[in-house]
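Visitor: I'm passing along target.cif; it holds mmCIF, C-alpha atoms.
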data_final
loop_
_atom_site.group_PDB
_atom_site.id
_atom_site.type_symbol
_atom_site.label_atom_id
_atom_site.label_comp_id
_atom_site.auth_asym_id
_atom_site.auth_seq_id
_atom_site.Cartn_x
_atom_site.Cartn_y
_atom_site.Cartn_z
ATOM 1 C CA MET A 1 -8.631 -103.399 33.986
ATOM 2 C CA PRO A 2 -10.990 -105.364 31.706
ATOM 3 C CA GLY A 3 -13.101 -102.360 30.696
ATOM 4 C CA GLU A 4 -10.059 -100.335 29.660
ATOM 5 C CA ALA A 5 -8.756 -102.981 27.236
ATOM 6 C CA ASP A 6 -12.183 -103.252 25.616
ATOM 7 C CA ASP A 7 -12.346 -99.470 25.218
ATOM 8 C CA VAL A 8 -8.905 -99.447 23.555
ATOM 9 C CA ALA A 9 -9.958 -102.244 21.182
ATOM 10 C CA VAL A 10 -13.132 -100.367 20.219
ATOM 11 C CA LEU A 11 -11.193 -97.119 19.739
ATOM 12 C CA THR A 12 -8.567 -98.891 17.632
ATOM 13 C CA GLY A 13 -11.274 -100.518 15.509
ATOM 14 C CA LYS A 14 -13.017 -97.197 14.996
ATOM 15 C CA THR A 15 -9.750 -95.502 14.089
ATOM 16 C CA SER A 16 -8.950 -98.276 11.610
ATOM 17 C CA ALA A 17 -12.402 -98.027 10.064
ATOM 18 C CA GLU A 18 -12.084 -94.262 9.712
ATOM 19 C CA ARG A 19 -8.612 -94.581 8.214
ATOM 20 C CA PHE A 20 -9.858 -97.281 5.826
ATOM 21 C CA SER A 21 -12.615 -94.908 4.721
ATOM 22 C CA GLU A 22 -10.082 -92.160 4.058
ATOM 23 C CA VAL A 23 -7.303 -94.225 2.456
ATOM 24 C CA VAL A 24 -9.012 -97.087 0.600
ATOM 25 C CA LEU A 25 -12.646 -96.290 -0.161
ATOM 26 C CA PRO A 26 -12.008 -93.291 -2.447
ATOM 27 C CA HIS A 27 -10.005 -95.563 -4.773
ATOM 28 C CA LEU A 28 -12.294 -98.599 -4.953
ATOM 29 C CA SER A 29 -13.486 -97.869 -8.478
ATOM 30 C CA ASP A 30 -9.879 -97.718 -9.704
ATOM 31 C CA ALA A 31 -9.108 -100.928 -7.825
ATOM 32 C CA LEU A 32 -12.057 -102.679 -9.440
ATOM 33 C CA ALA A 33 -11.110 -101.411 -12.906
ATOM 34 C CA LEU A 34 -7.535 -102.687 -12.531
ATOM 35 C CA ALA A 35 -8.735 -106.053 -11.245
ATOM 36 C CA ARG A 36 -11.122 -106.317 -14.202
ATOM 37 C CA TRP A 37 -8.281 -105.675 -16.639
ATOM 38 C CA LEU A 38 -6.056 -108.233 -14.951
ATOM 39 C CA THR A 39 -8.629 -110.997 -14.390
ATOM 40 C CA GLY A 40 -10.739 -110.409 -17.483
ATOM 41 C CA ASN A 41 -14.002 -110.866 -15.607
ATOM 42 C CA ALA A 42 -16.121 -108.533 -13.480
ATOM 43 C CA ASP A 43 -17.161 -111.232 -10.993
ATOM 44 C CA ASP A 44 -13.581 -112.406 -10.491
ATOM 45 C CA ALA A 45 -12.482 -108.785 -10.131
ATOM 46 C CA GLU A 46 -14.973 -108.257 -7.314
ATOM 47 C CA ASP A 47 -13.537 -111.289 -5.490
ATOM 48 C CA VAL A 48 -10.006 -109.950 -5.966
ATOM 49 C CA VAL A 49 -10.917 -106.461 -4.749
ATOM 50 C CA GLN A 50 -12.638 -107.906 -1.704
ATOM 51 C CA GLU A 51 -9.506 -109.893 -0.875
ATOM 52 C CA ALA A 52 -7.350 -106.813 -1.519
ATOM 53 C CA CYS A 53 -9.531 -104.686 0.763
ATOM 54 C CA LEU A 54 -9.102 -107.204 3.568
ATOM 55 C CA LYS A 55 -5.342 -107.098 3.057
ATOM 56 C CA ALA A 56 -5.390 -103.300 2.953
ATOM 57 C CA TYR A 57 -7.427 -103.135 6.156
ATOM 58 C CA LYS A 58 -4.979 -105.461 7.910
ATOM 59 C CA GLY A 59 -2.046 -103.467 6.536
ATOM 60 C CA LEU A 60 -3.293 -100.004 7.452
ATOM 61 C CA ALA A 61 -0.952 -99.931 10.435
ATOM 62 C CA THR A 62 2.010 -100.246 8.063
ATOM 63 C CA TYR A 63 0.735 -97.624 5.595
ATOM 64 C CA ALA A 64 3.069 -94.678 6.069
ATOM 65 C CA GLY A 65 1.178 -92.157 3.982
ATOM 66 C CA GLY A 66 1.948 -90.999 0.494
ATOM 67 C CA ASN A 67 -0.057 -91.999 -2.558
ATOM 68 C CA ALA A 68 -2.909 -94.107 -1.192
ATOM 69 C CA ARG A 69 -4.135 -94.925 -4.684
ATOM 70 C CA ALA A 70 -0.807 -96.425 -5.744
ATOM 71 C CA TRP A 71 -0.598 -98.321 -2.440
ATOM 72 C CA LEU A 72 -4.054 -99.840 -2.948
ATOM 73 C CA LEU A 73 -3.465 -100.636 -6.636
ATOM 74 C CA THR A 74 -0.266 -102.458 -5.698
ATOM 75 C CA ILE A 75 -2.248 -104.590 -3.271
ATOM 76 C CA VAL A 76 -4.916 -105.206 -5.944
ATOM 77 C CA ARG A 77 -2.288 -106.164 -8.512
ATOM 78 C CA ASN A 78 -0.654 -108.639 -6.145
ATOM 79 C CA ALA A 79 -4.031 -110.047 -5.088
ATOM 80 C CA SER A 80 -5.020 -110.423 -8.760
ATOM 81 C CA TYR A 81 -1.949 -112.454 -9.605
ATOM 82 C CA ALA A 82 -2.316 -114.592 -6.490
ATOM 83 C CA TRP A 83 -5.982 -115.198 -7.335
ATOM 84 C CA LEU A 84 -5.157 -116.056 -10.959
ATOM 85 C CA ALA A 85 -2.402 -118.441 -9.866
ATOM 86 C CA ARG A 86 -4.840 -120.245 -7.543
ATOM 87 C CA ASN A 87 -7.856 -120.312 -9.838
ATOM 88 C CA HIS A 88 -6.561 -120.247 -13.415
ATOM 89 C CA PRO A 89 -2.907 -121.341 -13.384
ATOM 90 C CA ARG A 90 -2.718 -122.231 -17.081
ATOM 91 C CA ARG A 91 -5.455 -120.076 -18.520
ATOM 92 C CA ILE A 92 -4.770 -117.384 -21.078
ATOM 93 C CA VAL A 93 -6.351 -114.322 -19.570
ATOM 94 C CA ALA A 94 -8.290 -111.886 -21.735
ATOM 95 C CA VAL A 95 -8.544 -108.587 -19.919
ATOM 96 C CA GLY A 96 -10.975 -105.741 -19.758
ATOM 97 C CA ASP A 97 -14.652 -105.108 -20.232
ATOM 98 C CA LEU A 98 -16.334 -102.832 -22.719
ATOM 99 C CA ALA A 99 -18.037 -101.133 -19.778
ATOM 100 C CA ASP A 100 -14.694 -99.601 -18.727
ATOM 101 C CA LEU A 101 -14.009 -98.259 -22.191
ATOM 102 C CA ASP A 102 -17.624 -97.179 -22.746
ATOM 103 C CA ALA A 103 -17.420 -95.100 -19.573
ATOM 104 C CA LEU A 104 -14.161 -93.512 -20.726
ATOM 105 C CA ALA A 105 -15.602 -92.802 -24.172
ATOM 106 C CA ALA A 106 -18.740 -91.270 -22.665
ATOM 107 C CA ASP A 107 -16.674 -88.976 -20.438
ATOM 108 C CA ALA A 108 -14.396 -87.915 -23.307
ATOM 109 C CA ASP A 109 -17.123 -87.202 -25.831
ATOM 110 C CA THR A 110 -20.280 -85.992 -24.094
ATOM 111 C CA ASP A 111 -21.462 -83.956 -27.073
ATOM 112 C CA ALA A 112 -21.680 -86.910 -29.471
ATOM 113 C CA GLY A 113 -25.469 -86.577 -29.484
ATOM 114 C CA THR A 114 -26.350 -88.474 -32.647
ATOM 115 C CA PRO A 115 -26.940 -92.225 -32.812
ATOM 116 C CA GLU A 116 -24.319 -92.459 -35.548
ATOM 117 C CA ALA A 117 -21.696 -90.807 -33.362
ATOM 118 C CA ALA A 118 -22.600 -93.114 -30.474
ATOM 119 C CA LEU A 119 -22.252 -96.162 -32.723
ATOM 120 C CA ILE A 120 -18.868 -94.984 -34.002
ATOM 121 C CA ALA A 121 -17.689 -94.340 -30.432
ATOM 122 C CA LYS A 122 -18.800 -97.822 -29.377
ATOM 123 C CA ALA A 123 -16.990 -99.391 -32.353
ATOM 124 C CA ASP A 124 -13.854 -97.396 -31.496
ATOM 125 C CA ALA A 125 -14.069 -98.559 -27.873
ATOM 126 C CA ALA A 126 -14.423 -102.176 -28.987
ATOM 127 C CA ALA A 127 -11.434 -101.853 -31.310
ATOM 128 C CA LEU A 128 -9.372 -100.281 -28.544
ATOM 129 C CA GLU A 129 -10.367 -103.005 -26.057
ATOM 130 C CA THR A 130 -9.393 -105.702 -28.540
ATOM 131 C CA ALA A 131 -6.081 -104.011 -29.284
ATOM 132 C CA ILE A 132 -5.248 -103.668 -25.575
ATOM 133 C CA THR A 133 -6.222 -107.294 -24.961
ATOM 134 C CA LEU A 134 -3.842 -108.432 -27.713
ATOM 135 C CA LEU A 135 -0.840 -106.655 -26.190
ATOM 136 C CA PRO A 136 1.751 -108.865 -24.499
ATOM 137 C CA HIS A 137 1.135 -108.883 -20.744
ATOM 138 C CA PRO A 138 4.067 -106.660 -19.621
ATOM 139 C CA PHE A 139 3.086 -103.963 -22.114
ATOM 140 C CA ARG A 140 -0.638 -104.231 -21.360
ATOM 141 C CA GLU A 141 -0.018 -103.953 -17.628
ATOM 142 C CA VAL A 142 2.092 -100.791 -17.915
ATOM 143 C CA LEU A 143 -0.325 -99.226 -20.408
ATOM 144 C CA VAL A 144 -3.340 -99.855 -18.168
ATOM 145 C CA LEU A 145 -1.552 -98.562 -15.057
ATOM 146 C CA ARG A 146 -0.375 -95.397 -16.826
ATOM 147 C CA ASP A 147 -3.041 -94.500 -19.377
ATOM 148 C CA VAL A 148 -6.153 -95.963 -17.744
ATOM 149 C CA ASN A 149 -5.317 -95.549 -14.052
ATOM 150 C CA GLY A 150 -3.111 -92.474 -14.429
ATOM 151 C CA LEU A 151 -0.232 -93.616 -12.232
ATOM 152 C CA GLY A 152 3.139 -91.927 -12.596
ATOM 153 C CA TYR A 153 6.198 -93.647 -14.024
ATOM 154 C CA ARG A 154 7.912 -93.891 -10.633
ATOM 155 C CA GLU A 155 4.791 -95.321 -8.996
ATOM 156 C CA ILE A 156 4.541 -97.983 -11.695
ATOM 157 C CA ALA A 157 8.240 -98.821 -11.400
ATOM 158 C CA THR A 158 7.857 -99.244 -7.651
ATOM 159 C CA MET A 159 4.684 -101.269 -8.049
ATOM 160 C CA LEU A 160 6.176 -103.636 -10.648
ATOM 161 C CA HIS A 161 9.656 -103.775 -9.075
ATOM 162 C CA VAL A 162 11.332 -102.751 -12.347
ATOM 163 C CA PRO A 163 13.619 -99.830 -13.248
ATOM 164 C CA LEU A 164 12.049 -96.545 -14.358
ATOM 165 C CA GLY A 165 13.559 -96.953 -17.826
ATOM 166 C CA THR A 166 11.845 -100.317 -18.213
ATOM 167 C CA VAL A 167 8.476 -98.719 -17.469
ATOM 168 C CA MET A 168 9.117 -95.993 -20.030
ATOM 169 C CA SER A 169 10.309 -98.498 -22.628
ATOM 170 C CA ARG A 170 7.335 -100.832 -22.105
ATOM 171 C CA LEU A 171 4.889 -97.951 -22.294
ATOM 172 C CA SER A 172 6.449 -96.659 -25.491
ATOM 173 C CA ARG A 173 6.351 -100.112 -27.076
ATOM 174 C CA ALA A 174 2.769 -100.671 -25.901
ATOM 175 C CA ARG A 175 1.640 -97.418 -27.464
ATOM 176 C CA ALA A 176 3.486 -98.213 -30.704
ATOM 177 C CA LEU A 177 1.892 -101.675 -30.850
ATOM 178 C CA LEU A 178 -1.546 -100.136 -30.222
ATOM 179 C CA ALA A 179 -1.011 -97.610 -32.988
ATOM 180 C CA ALA A 180 0.052 -100.372 -35.374
ATOM 181 C CA GLN A 181 -2.934 -102.549 -34.437
ATOM 182 C CA LEU A 182 -5.339 -99.659 -34.845
ATOM 183 C CA GLY A 183 -3.882 -98.666 -38.205
ATOM 184 C CA GLY A 184 -1.863 -95.727 -36.928
ATOM 185 C CA SER A 185 -4.940 -93.510 -37.144
ATOM 186 C CA ARG A 186 -5.138 -92.738 -33.433
#
Rewrite the structure from the file as structure tokens, please.

Guide:
Amino acid sequence: MPGEADDVAVLTGKTSAERFSEVVLPHLSDALALARWLTGNADDAEDVVQEACLKAYKGLATYAGGNARAWLLTIVRNASYAWLARNHPRRIVAVGDLADLDALAADADTDAGTPEAALIAKADAAALETAITLLPHPFREVLVLRDVNGLGYREIATMLHVPLGTVMSRLSRARALLAAQLGGSR
């Protein structure tokens, strides 16, 4: 019957929208932050996240549960690289925005209080952003996924399609390079 098929389509759409709200929407800020690190630009990151959200919505039927954040960040990562390949195939990509690091610094040190402390924190954030940007891409990617986005080693290995030991090795080298770039004082 024609009315029954329409009712099923509406129900399916509503169920998909509700599932999207539960699975994807809570992790949009993390998705945007990752896209900003990978594309190097907030506007480009918004385009990537929009594309990733469309892919996630279409792929909700195949989402089997588990870590929704890692699932979405994998989609964002793949969408970022596809977008970069289409739009900037030979460009050297500088990643990150000070806004991401400023937010992290503000959360970590809420009792700074004085203008001097705020200035020092901002300078530290700028130095950290520069140091992360200078890391070779494989190290930067693992560092951002682990230390900025808080993903586990296994989740990163699955996301990047590399062995667990490779993730651990890249993260260790990334942290050592950061320490060397920042003078070992961190």

Visitor: At a cut-off of 10 Å, using all atoms listed in the file, what residues contact Cys53 in chain A? Leave out same-chain residues fewer than 2 positions from it and give the result as a list in words.

Guide: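 Contacts, with the query itself left out: Phe20, Val24, Leu25, Leu28, Ala31, Asp47, Val48, Val49, Gln50, Glu51, Lys55, Ala56, Tyr57, Lys58, Gly59, Leu72, Ile75, Val76 and Ala79 of chain A.
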
Visitor: Neighbouring residues of Ala131 in chain A were defined as those with any atom within 12 Å, considering all atoms listed in the file; residues of the same chain fewer than 2 positions away were excluded. Please report them as a short mmCIF file (atom, residue, chain, number, x, y, z; two decimals) with C-alpha atoms, in the frame of the given file.

Guide:
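Produced file part_37.cif, reproduced below:
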data_model
loop_
_atom_site.label_atom_id
_atom_site.label_comp_id
_atom_site.auth_asym_id
_atom_site.auth_seq_id
_atom_site.Cartn_x
_atom_site.Cartn_y
_atom_site.Cartn_z
CA ALA A 94 -8.29 -111.89 -21.74
CA VAL A 95 -8.54 -108.59 -19.92
CA GLY A 96 -10.98 -105.74 -19.76
CA ASP A 124 -13.85 -97.40 -31.50
CA ALA A 125 -14.07 -98.56 -27.87
CA ALA A 126 -14.42 -102.18 -28.99
CA ALA A 127 -11.43 -101.85 -31.31
CA LEU A 128 -9.37 -100.28 -28.54
CA GLU A 129 -10.37 -103.00 -26.06
CA THR A 133 -6.22 -107.29 -24.96
CA LEU A 134 -3.84 -108.43 -27.71
CA LEU A 135 -0.84 -106.66 -26.19
CA PRO A 136 1.75 -108.86 -24.50
CA PHE A 139 3.09 -103.96 -22.11
CA ARG A 140 -0.64 -104.23 -21.36
CA LEU A 143 -0.32 -99.23 -20.41
CA ALA A 174 2.77 -100.67 -25.90
CA ARG A 175 1.64 -97.42 -27.46
CA ALA A 176 3.49 -98.21 -30.70
CA LEU A 177 1.89 -101.68 -30.85
CA LEU A 178 -1.55 -100.14 -30.22
CA ALA A 179 -1.01 -97.61 -32.99
CA ALA A 180 0.05 -100.37 -35.37
CA GLN A 181 -2.93 -102.55 -34.44
CA LEU A 182 -5.34 -99.66 -34.84
CA GLY A 183 -3.88 -98.67 -38.20
#

Visitor: In terms of the shortest atom-to-atom distance over all atoms listed in the file, which of A:Ser80, A:Thr130, A:Thr114, A:Ser16 is closest to Asn41 in chain A?

Guide: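 Distance minimum relative to Asn41 in chain A lands on A:Ser80.
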
Visitor: Which one is closest to Leu34 in chain A: A:His137, A:Arg77, A:Arg69, A:Arg19? Count all atoms listed in the file.

Guide: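 Looking at the shortest contact to Leu34 in chain A, the residue is A:Arg77.
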
Visitor: Grab the CA of Glu155 in chain A to CA of Ala82 in chain A distance for me, in Å with one decimal place.

Guide: 20.7 Å

Visitor: Take CA of Thr62 in chain A and CA of Trp83 in chain A and report the distance between them in Å, one decimal.

Guide: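 CA of Trp83 in chain A lies 22.9 Å from CA of Thr62 in chain A.
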
Visitor: For Thr39 in chain A, which residue among A:Asn67, A:Thr158, A:Asn87, A:Thr15 is the nearest when counting only C-alpha atoms?

Guide: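 Ranking A:Asn67, A:Thr158, A:Asn87, A:Thr15 by distance to Thr39 in chain A, first place goes to A:Asn87.
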
Visitor: Report the distance between CA of Asp44 in chain A and CA of Leu160 in chain A in Å, rounded to one decimal place.

Guide: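 Those two atoms sit 21.6 Å apart.
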
Visitor: Assuming 8 Å of padding per side, give the centre and edge lengths of the axis-aligned box around every listed atom of range 124-130 of chain A, in Å to one decimal and as AutoDock Vina command-line options.

Guide:
--center_x -11.9 --center_y -101.5 --center_z -28.8 --size_x 21.1 --size_y 24.3 --size_z 21.4

Visitor: Nearest to Asn149 in chain A among A:Ala42, A:Ser29, A:Val23, A:Ala61, with distances taken over only C-alpha atoms: which residue is it?

Guide: A:Ser29

Visitor: Using only C-alpha atoms, which of A:Tyr63, A:Asp147, A:Val142, A:Arg36 sits nearest Leu164 in chain A?

Guide: A:Val142
